[in-house]
Each structure stands twice: as structure tokens, then as C-alpha cells.
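Below is one structure, written out as C-alpha cells; the observations come after it.
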Amino acid sequence: MDPEQLQGDENEDEAREKETDDEKIERLGKEIHDLKEEVERMLSSSPPITRPPVPEPLLKLRHAIKEKDTERELLLEDQRVSKVIEEYLQENPSILKEVNECPICLEPIFDVGKASFFICCGNKVCGSCSDPLYASASGDTCLLCREELNTDGEALSILRTKAAEGKAWAQCLLGTKYFGGTLGLTVDRQRAESLYRKAADQGHPEAQYYLGKIEDARSNYAEACRLFEAAASQGHMIALCHLGIQYCQGHGVEQDLIKAVRLITIAAKLQTTVDFADRLLANSFASGTGGLQESMVRATHYLKRAIENHELPAQFTVQYASFLRYISASYYPDYIIAPAGHNLMPEALFWYRRAHAIPMSSTAPTIPSLETYDSSIKELCSFCYKRISTDKPKCCVECRAVYYCSRECQVADWKAGHKKDCVKALKKRLSAAGNSFYV
């Protein structure tokens, strides 16, 4: 490479590292615009593309548009989320004073789903601090008070004692044990509700949230909203998400989709264990509702986060697969089968097949037949795009989503990028996240 060109590239890289997000978004927007104009010029000056393969220069342009557009959309979403959270905390300054603080890092504990609770002393530690502490802990001792950790029987005895003393945290936690029938207790929902109410009367946010769910199930929506709002005002993000759902559905409050999306956005960012917050944002971006502009990139981003970290009903795996197919068709309109390295069909089919393996409820929507998708991908070779004449074509045994007319095409496609598209890496990622349900 020319030394002057190399120096110019280094200077450009250095300048981009110093870019603000606004500058990066503006630059990406201009680059995408220029790339799309180049695509139009190329298509208008060449004979119509009646079948793949697409000319290499055009393919490179399609790749660049996809990568830059995805980067720009996610930067814009980060900005939107940061602005929403900043405005919310400015409007509700008491939240930072009320929310529980981690005794280790002193940061507010918004993500209660990942926090660890210690019955011996009633303390709570955020997920970021509890994981390394557990890893370094020696023996069965509490990480905070250094008392010996309790057996189920000892824990129940402590909870009952503390609850009788009027400790709100103990009343709430004991309520959850009765509600779920854990620690050797028989399920007793009435007693659980009584304990929740005692704790909620003292302003305990977790108890207010649980009571809100009970009232919501009874269709006492106004009371549910009051309880969710009380808990949310103390930084309980799952309660905030439920309050957003009430605004979305118009239960107990006047329907307000813009406010619903605003509250759910905050919950999805600060409480990473709320899968339905991600699902609602995905649907809002897909439909362009709640004050959001339609964006399939952002919709797919949120649904991917929900589906890879939670065991969701079949209809959501089908929805995610549909999003992947839509994105592939949007960025590669010239292709029947997207090019290797950018083919989303293996992942889409993975989720379709997982959907068919999940037990369905009687109220769930009908899942499209796998035959619809399997038959369409067996007709053309994924590498050379020739029609497959044999009844037993070669295929990738790992994903069963790409078929070939010959062994040579299969090897060439793997090297060209199918090793990136194949679901082998996805399965490893799901297993590493502890989500073996789909694998």
C-alpha cells in the first residue's frame, strides 16, 4: 500500500475515534446516502439482474449499507434511551434517594432480578458485585455479615421471627415463600397477600409490586396502577414496566401509548431481566407506534435480547424469525438466497423449528408449517444458485438451512461465509447464557 495512503487511513481512523455520537450518526447518514446513490447508478447503467449471483461491486455496496445502517440505528436508539432516562430522573429526583443502594459499589440497585438477597441480615447486593463475591467466598458464610448461611429450616425460622418483629423486607420475602410454596411451606396465597399488605403499608416497593400484580389479576386496575406507581417511585423497575403496560392497555388509566413506551424504555434499560419490556419495544418499533419511528433494526435488536435470554412462547420465536427474514429481504433485494456471511435464513429456520418444539396453548396463534420454508430453500444451490436436480442434495447438517448441488459448492460456501451464518455459534451463545431451553 502507498505510504501516503496508509498515513491517510491512520489519520481517518484517529479522527473517527474522537467523534462524538452526534458526529458519527451524521457521518454514517451521509455515507449511507452516498452508497444508496451509488447502488442506483449501478443498477441504472447495467442490464437488469434476473437471477443471482449479483455482481461483486453491487454486493459490497449492499453489505456496507447494511452494516452502516445497523450501526447508525443502534446509536440513535442509545441516544433516545439516554434522553428518556435523563428526563425521567430529572422529573422524579426522589427515585435516586429512595432506591436501594448496593453496600459494595454504592450504586443504585435497579435490576432487582439479578440482585442477591441475604436472609441472615436482610441486605441486598447488586448482580455485578454478588457474582464475583460468590466466586471468591470461602465456606457457607454471608458475604456481608459473615454469619453462617442458613438451611431452609433456619431461613424460615429467621423470616418468621423478623416478620413478627415488623420487618417489611422479611414480611415481603416470607410472603413470596408462601405464594410459591418454597422453604418447605404449603402454597397459601391468602397468607402471602396478608404479608404483602403488611410490608406494603410500610412502603416496601417489592411488596407493593406483588400486590399490584394480585390486583391486576383481579381486574382491580386502578388499585394495581396505584401500587405499581408507588413501587416505581422507589426505583422498582419491574413495577415501572407493569405501569407502562397499564398505560398501553388503558387499564386503570387513560390509554397513552407514548407514555407507555417511555416507561417501558426505562425499565428495559435499567432492569435487564424484564423480557416483556423488550417484547413491547420490539412491537412498537415494528409497527411505528407509541411515538416511535418504524425501525426493523431496533425491533429485531430488542426481540433478540428477549428471546436469547428468556424462555418465550412459540409465537415470539416465530416473530423473531419473521423479523430476520424481513431484514434479509430489505438489504439484499436482488437475492433469492442472501450471500454467504450475510444469510439470516439459518438463524430464522432455527427459531421456526424451536417454535414447533415448544408446547402451544389453545389461545396461541397458528405457527406456519415448516414445509413452507424448508421446501423453498431446497430448490437452489446456496453457493452457485443453480437449480438442484438431485433428490438428495448436500446440506449443512448443523443448521439444515442451506443446500448445495455438489460437495465443492458446500465447501466453497463454508469458506465464503456460511461458517459465520451457521447456527453452531448461536447454540454456543445460548448455552453460555444458560438458556439451554432452545438448544
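To be explicit about the labels: the chains of the C-alpha cells are called A, B, and onward in the order shown, and within each one the residues are counted from 1, while ligands get numbers from 1 in the order they are shown.
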Select from segment 171-279 of chain A every residue with an atom at most 7 Å from any atom of segment 71-89 of chain A, then for each give the shortest pair of atoms and their distance in Å to one decimal, using only C-alpha atoms, rows by chain and rising number, as JSON lines.
```
{"residue": "A:Arg262", "atom": "CA", "partner": "A:Val84", "partner_atom": "CA", "distance": 6.7}
{"residue": "A:Thr265", "atom": "CA", "partner": "A:Val81", "partner_atom": "CA", "distance": 6.6}
{"residue": "A:Ile266", "atom": "CA", "partner": "A:Ile85", "partner_atom": "CA", "distance": 5.8}
```
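Considering only C-alpha atoms, the residue among A:Asn220, A:Gln249, A:Gln255, A:Asn92 positioned nearest to Leu280 of chain A is A:Gln249.
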A:Gly250, A:Lys304, A:Ala170, A:Leu312: which is nearest Ala192 of chain A, counting only C-alpha atoms?
A:Ala170
